[in-house]
Amino acid sequence: MNITQLPYIKDVYGFLGSDVMSGLVGLLIIAALVPLNVAFLVLVERKVAGHIQLRPGPMEVGPHGILQTLIDAVKLLGKEMVTPSSTDKLLYWLSPIIVVAPAFVGFIPLPFSPLVQIKDVNVGFLLIFSFSSIGVISILMGGWASNNKYSLIGAVRSVAQNVAYEIPLLLATMPIILMTNTFKLGEIAQAQAQSGLWFIFYQPIAAIIFFIATTAETNRAPFDLVEGESELVSGFHTEYTGMRFSLFFLAEYTNMVIAAALFTTFFLGGWHGPVLPGAVWFFAKTYFLLFVVMWIRWTYPRIRFDQLMNFAWKILIPIALVNLFITAIVLKVL
Amino acid sequence: MLTAGQKKLLVELKSSLAESVPEGQISESDYAAKGYHLDVRLQKGGVRRVAQIMLDRRFILETVTAVDFIDSFELVYLYSTYYQQQVRLLVRIRIAKDAQPYSVSAIYPGAIWLEREVYDFFGIRFQEHPDLKRIINPDEADYFPLLKNFGKTKFTDQIDDILC
Amino acid sequence: MLNIKTIDDATISQRVYQLNLGPQHPSTHGVMHLLLTLDGEVVVKIEPIIGYSHRGHEKMAENRIYEQFLPNPARMDYLSGMIFNHGYCMAVEKLCGIEVPRRAEYIRVITSELNRIASHFIGTMDYAMGLGAITPFLWGWDDRENILDLLEMISGSRLTYSYGRFGGVRNDITKEFYDGTRKFIDRLRSRFWDYENLINQNVIFIKRSRDVGVITTEDALAFGVTGPTLRGSGVKYDVRKNEPYSAYPEFKFEIPTRKEGDCLARYQVRMAELEQSINIIEQALDHLPPGPVRAKVPRFVTPPEGDCYVTFESARGAAGFYIVSDGTRVPYRIKVRAPSFSNLFVLTKICPGHFLADIVAIFGSIDVTVPEIDR
């Protein structure tokens, strides 16, 4: 069910057209959710990192450091946005803006609960997937426009990495789509709720491949050589300061949330759960996955670039293909 | 006290060195007091011949340094081994202030940097050195710091403390 | 991996670009400038540029009396400051013929080995951090804090020590230090398992360190490499065993070596040496002899004319002091043999042909301390 089907909205604002209304309400929800999510996640990351490293993490601002991100955001707002003189001005300015767009768009088809979904787009998953490819272009733009060898190396690496890992990502979701016969994320979650058994039990291999591929797509460790601190200072966002840097940051964390939400929808049953309302289960599962992603980041070192490409092309893609064939055959036979 | 292996190695070294650099003075020194077993004093040359013998006998060139005696330099090469019984050699050669000794970097590549350091601090130019330029001091420096007539030493009468 | 030797130089010269790794960089230990010539991601030529931390220690030596030079050795290799400090004292004692009491020798050994453990923690964990594993770095520093606290109890400083004096050490160890060291050893033994689990068996760590930056024994011989960098290539050379000094002949310990010569081998050698150092400290604490901790020496030592060379094993390799004396209170020339100087030069031979990410790994595994190179 969609928000615009709630009676009073149609009555009161019906003159504007239900699509426009739902669009506006949806935008407001995204505009509220995304920064809140990111703020929360940044703090969680720092606390998790701290505790894994035997130290408490930020403790100063607010009780146990809860207000840390707020203060950081204020600080970043106050920083001077330095533009190096020899950069390509238009691309340099454009890149952080474009990198945020897929992040916002990706929230639209996510099914937070049976009632709350901004719009159950009928190409749901494909929408998210194609917009994330735009994110790659923006990274390349940012790296090229910075006129800095480190940024260029980082950007080139990121393009190769993202393109390579999109294929196992798609191949890992194909079995699910074959099983449920739809691209709509709401219906996929619905199917798991009805059958009672989450898809992770039907497709464990696809789940693992999906997890690895999204970790690589969002440039998280151990695949974070795009921004590998020890080699490339800061990769493609070396030359970005202040609010522009925070836009890249925002996009990265939002992408992580979308990836975790997709995993939840495809494999963990979305909002399906016994007692508590659907939205609570959805967010609980998403944040648990994000915790696992962070846990992995602070445990493993970085993979080298050629090993990364080998892993994608020689290992992940064949396994995903075989999995897809087996699923197709089983579905046809049964 | 020297072991049998060390004594044998010393004897062999002395004989092969005496054979290839007859004009050098080779003397055994007291290891407990000096820290090296053999002291080879060369006069006119022979640094590269000694280096070749040392490489063939699997010694490493531990360090190259120079000492500024006011009217001459003394180039010091220190060899030691990690393959056989521990024997350490000090090879020294007195050269004039404007002399240009040959580089041993063709034999021991590690000497490239060691000799660059000697050039950087003393101004001794090595012939046939692949890359003789300053290494530690700034590239534009026009002084050679470790010379005795530069900076605060006894000989420039600028030495610091009343304790000295 | 690209085979550089088969590509024509002319083709390369149109494709290569230069990248400066450093002098300010998150992963070079110290102010180190590496000028890389890259073809895509493959390194064609590497040139280390040094001299950014040059402070003129050898010139300072000509301007001070021997006692006034005592703080300087620790500042050269600040991670093995205690070892250098004792080494300098040994050199002057050899020149003057001063005999050090046994208790002082034992204390020197205990503090040197503690320093070696602290330095190896940095060496190994900095290598892990260069690969991207940040957690072991913080765990290693946590353990290292204990050592720094212990050494501060007796010497007063945490990093740059002037604890040794000619003829012994400055003051005796306290009961607090003795008990603290015992507790520290027990705690460290139980922590090895954590490191083993986190890094040593980590698949990505092994994949990135195996067969990367192999130093053959021929290269080591030609360049004068010493220390754990050498022992990772299979040569069993350690100054503490080959040319024993101080109280080392009285202790039983082994020299761990590995055959492969790659980054993983050097890392494993350093981790194994941690255990050997603990053994030495335990033996020294068990058999600590009573007695004075400082011999009677004149207020200002005046060594006779002559020269002497003393070598000792710092955490990085075989270091040494060559002192030339002219019979006065002021040294005529002090030359410091820094093991990192020769170890760093090997990079120019082994790096070409590797990827950019490997350069950071190789540089970390050689474990240089830049101020020691520049002096």
# chains A, B, ... in the order shown; residues from 1 in each chain; ligands from 1

call {"tool": "interface_residues", "arguments": {"of": "chain C", "to": "chain A", "cutoff": "7 Å", "atoms": "only C-alpha atoms", "output": "list in words"}}
result
His25, Pro26, Ser27, Gly130, Leu131, Gly132, Ala133, Ile134, Thr135, Leu138, Trp139, Ile204, Phe205, Arg208, Ala357 and Val360 of chain C

call {"tool": "write_last_selection", "arguments": {"atoms": "C-alpha atoms", "output": "JSON list (two decimals), in the first residue's frame"}}
result
[["chain", "number", "residue", "atom", "x", "y", "z"],
["C", 25, "HIS", "CA", 52.82, 10.80, 4.09],
["C", 26, "PRO", "CA", 50.75, 8.74, 6.44],
["C", 27, "SER", "CA", 52.78, 5.61, 6.09],
["C", 130, "GLY", "CA", 50.78, 0.04, 5.92],
["C", 131, "LEU", "CA", 48.77, -2.85, 4.57],
["C", 132, "GLY", "CA", 45.55, -1.41, 5.95],
["C", 133, "ALA", "CA", 45.04, -3.29, 9.20],
["C", 134, "ILE", "CA", 44.77, -0.51, 11.73],
["C", 135, "THR", "CA", 43.64, -2.55, 14.72],
["C", 138, "LEU", "CA", 46.70, 0.05, 18.36],
["C", 139, "TRP", "CA", 47.02, -3.25, 20.16],
["C", 204, "ILE", "CA", 44.60, -11.20, 3.13],
["C", 205, "PHE", "CA", 47.70, -10.37, 5.17],
["C", 208, "ARG", "CA", 49.86, -9.45, 0.40],
["C", 357, "ALA", "CA", 50.72, -0.93, -2.99],
["C", 360, "VAL", "CA", 54.45, 0.58, 1.07]]

call {"tool": "select_by_dssp", "arguments": {"residues": "region 25-202 of chain C", "states": "helix (DSSP H, G or I)", "output": "ChimeraX atom specification"}}
result
/C:57-63,67-69,72-76,78-96,102-131,135-155,175-200

call {"tool": "residues_around", "arguments": {"residues": "Ser342 (chain C)", "least_positions_apart": "3", "cutoff": "6 Å", "atoms": "only C-alpha atoms", "output": "list in words"}}
result
Gly224, Val225, Pro339 and Phe345 of chain C

call {"tool": "closest_residue", "arguments": {"among": "B:Leu90, B:Ala33, B:Val76, B:Leu55", "to": "Phe223 (chain C)", "atoms": "only C-alpha atoms"}}
result
B:Leu55

call {"tool": "interface_residues", "arguments": {"of": "chain B", "to": "chain C", "cutoff": "7 Å", "atoms": "only C-alpha atoms", "output": "PyMOL selection string"}}
result
chain B and resi 33-36+60-63+67+82+86+108-110+135-137+146+152-153+159-160+164

call {"tool": "residues_around", "arguments": {"residues": "region 93-103 of chain A", "least_positions_apart": "6", "cutoff": "8 Å", "atoms": "only C-alpha atoms", "output": "PyMOL selection string"}}
result
chain A and resi 128+131-132+134-136+138-139+141-142+244-245+247-248+250-251+254-255+258

call {"tool": "write_last_selection", "arguments": {"atoms": "N, CA and C atoms", "output": "PDB file, in the first residue's frame"}}
result
ATOM      1  N   ILE A 128      17.928   1.382  -8.376  1.00  0.00           N
ATOM      2  CA  ILE A 128      19.061   1.586  -7.456  1.00  0.00           C
ATOM      3  C   ILE A 128      20.361   1.219  -8.157  1.00  0.00           C
ATOM      4  N   PHE A 131      21.468   3.779 -10.809  1.00  0.00           N
ATOM      5  CA  PHE A 131      21.936   5.045 -10.263  1.00  0.00           C
ATOM      6  C   PHE A 131      23.263   4.902  -9.560  1.00  0.00           C
ATOM      7  N   SER A 132      23.548   3.716  -9.029  1.00  0.00           N
ATOM      8  CA  SER A 132      24.842   3.579  -8.373  1.00  0.00           C
ATOM      9  C   SER A 132      25.970   3.613  -9.389  1.00  0.00           C
ATOM     10  N   ILE A 134      26.053   5.713 -11.715  1.00  0.00           N
ATOM     11  CA  ILE A 134      26.351   7.147 -11.879  1.00  0.00           C
ATOM     12  C   ILE A 134      27.350   7.591 -10.831  1.00  0.00           C
ATOM     13  N   GLY A 135      27.260   6.981  -9.663  1.00  0.00           N
ATOM     14  CA  GLY A 135      28.213   7.331  -8.625  1.00  0.00           C
ATOM     15  C   GLY A 135      29.648   7.117  -9.071  1.00  0.00           C
ATOM     16  N   VAL A 136      29.854   6.079  -9.882  1.00  0.00           N
ATOM     17  CA  VAL A 136      31.210   5.793 -10.357  1.00  0.00           C
ATOM     18  C   VAL A 136      31.725   6.935 -11.216  1.00  0.00           C
ATOM     19  N   SER A 138      30.927   9.974 -11.062  1.00  0.00           N
ATOM     20  CA  SER A 138      31.254  11.164 -10.285  1.00  0.00           C
ATOM     21  C   SER A 138      32.594  11.009  -9.595  1.00  0.00           C
ATOM     22  N   ILE A 139      32.944   9.778  -9.173  1.00  0.00           N
ATOM     23  CA  ILE A 139      34.255   9.577  -8.552  1.00  0.00           C
ATOM     24  C   ILE A 139      35.351   9.831  -9.576  1.00  0.00           C
ATOM     25  N   MET A 141      35.161  11.763 -12.130  1.00  0.00           N
ATOM     26  CA  MET A 141      35.231  13.211 -12.346  1.00  0.00           C
ATOM     27  C   MET A 141      36.005  13.885 -11.249  1.00  0.00           C
ATOM     28  N   GLY A 142      35.705  13.470 -10.008  1.00  0.00           N
ATOM     29  CA  GLY A 142      36.387  14.095  -8.887  1.00  0.00           C
ATOM     30  C   GLY A 142      37.884  13.844  -8.930  1.00  0.00           C
ATOM     31  N   ARG A 244      32.328  19.962   0.840  1.00  0.00           N
ATOM     32  CA  ARG A 244      32.418  19.042  -0.308  1.00  0.00           C
ATOM     33  C   ARG A 244      32.865  17.671   0.156  1.00  0.00           C
ATOM     34  N   PHE A 245      33.865  17.657   1.070  1.00  0.00           N
ATOM     35  CA  PHE A 245      34.324  16.389   1.597  1.00  0.00           C
ATOM     36  C   PHE A 245      33.201  15.684   2.336  1.00  0.00           C
ATOM     37  N   LEU A 247      30.123  15.873   1.728  1.00  0.00           N
ATOM     38  CA  LEU A 247      29.161  15.313   0.763  1.00  0.00           C
ATOM     39  C   LEU A 247      29.615  13.930   0.303  1.00  0.00           C
ATOM     40  N   PHE A 248      30.933  13.774   0.035  1.00  0.00           N
ATOM     41  CA  PHE A 248      31.426  12.454  -0.354  1.00  0.00           C
ATOM     42  C   PHE A 248      31.184  11.448   0.761  1.00  0.00           C
ATOM     43  N   LEU A 250      28.908  11.621   3.111  1.00  0.00           N
ATOM     44  CA  LEU A 250      27.487  11.351   3.203  1.00  0.00           C
ATOM     45  C   LEU A 250      27.085  10.314   2.176  1.00  0.00           C
ATOM     46  N   ALA A 251      27.585  10.485   0.954  1.00  0.00           N
ATOM     47  CA  ALA A 251      27.231   9.542  -0.105  1.00  0.00           C
ATOM     48  C   ALA A 251      27.727   8.154   0.230  1.00  0.00           C
ATOM     49  N   THR A 254      25.523   6.659   3.009  1.00  0.00           N
ATOM     50  CA  THR A 254      24.180   6.374   2.523  1.00  0.00           C
ATOM     51  C   THR A 254      24.193   5.171   1.600  1.00  0.00           C
ATOM     52  N   ASN A 255      25.231   5.071   0.771  1.00  0.00           N
ATOM     53  CA  ASN A 255      25.335   3.889  -0.074  1.00  0.00           C
ATOM     54  C   ASN A 255      25.429   2.627   0.753  1.00  0.00           C
ATOM     55  N   ILE A 258      21.969   1.802   1.937  1.00  0.00           N
ATOM     56  CA  ILE A 258      21.139   1.235   0.858  1.00  0.00           C
ATOM     57  C   ILE A 258      21.558  -0.202   0.588  1.00  0.00           C
TER      58      ILE A 258
END

call {"tool": "residues_around", "arguments": {"residues": "Val118 (chain B)", "least_positions_apart": "6", "cutoff": "12 Å", "atoms": "only C-alpha atoms", "output": "list of chain:residue names"}}
result
B:Thr63, B:Val64, B:Thr65, B:Ala66, B:Val67, B:Asp68, B:Phe73, B:Glu74, B:Leu75, B:Val76, B:Tyr77, B:Pro101, B:Ser103, B:Ala111, B:Ile112, B:Ile124, B:Arg125, B:Phe126, B:Leu132, B:Lys133, B:Arg134, B:Ile135, B:Ile136, B:Asn137, B:Phe144, B:Pro145, B:Leu146, B:Leu147, C:Lys335

call {"tool": "residues_around", "arguments": {"residues": "Gln127 (chain B)", "least_positions_apart": "4", "cutoff": "12 Å", "atoms": "only C-alpha atoms", "output": "list in words"}}
result
Arg48, Ala99, Gln100, Pro101, Tyr102, Ser103, Val104, Ser105, Ala106, Ile112, Glu115, Arg116, Tyr119, Asp131 and Leu132 of chain B

call {"tool": "atom_distance", "arguments": {"atom1": "CA of Ala164 (chain A)", "atom2": "CA of Met309 (chain A)"}}
result
7.1 Å

call {"tool": "residues_around", "arguments": {"residues": "Leu76 (chain A)", "least_positions_apart": "2", "cutoff": "6 Å", "atoms": "only C-alpha atoms", "output": "ChimeraX atom specification"}}
result
/A:73-74,78-79,242-243

call {"tool": "atom_distance", "arguments": {"atom1": "CA of Thr156 (chain B)", "atom2": "CA of Phe69 (chain B)"}}
result
13.7 Å
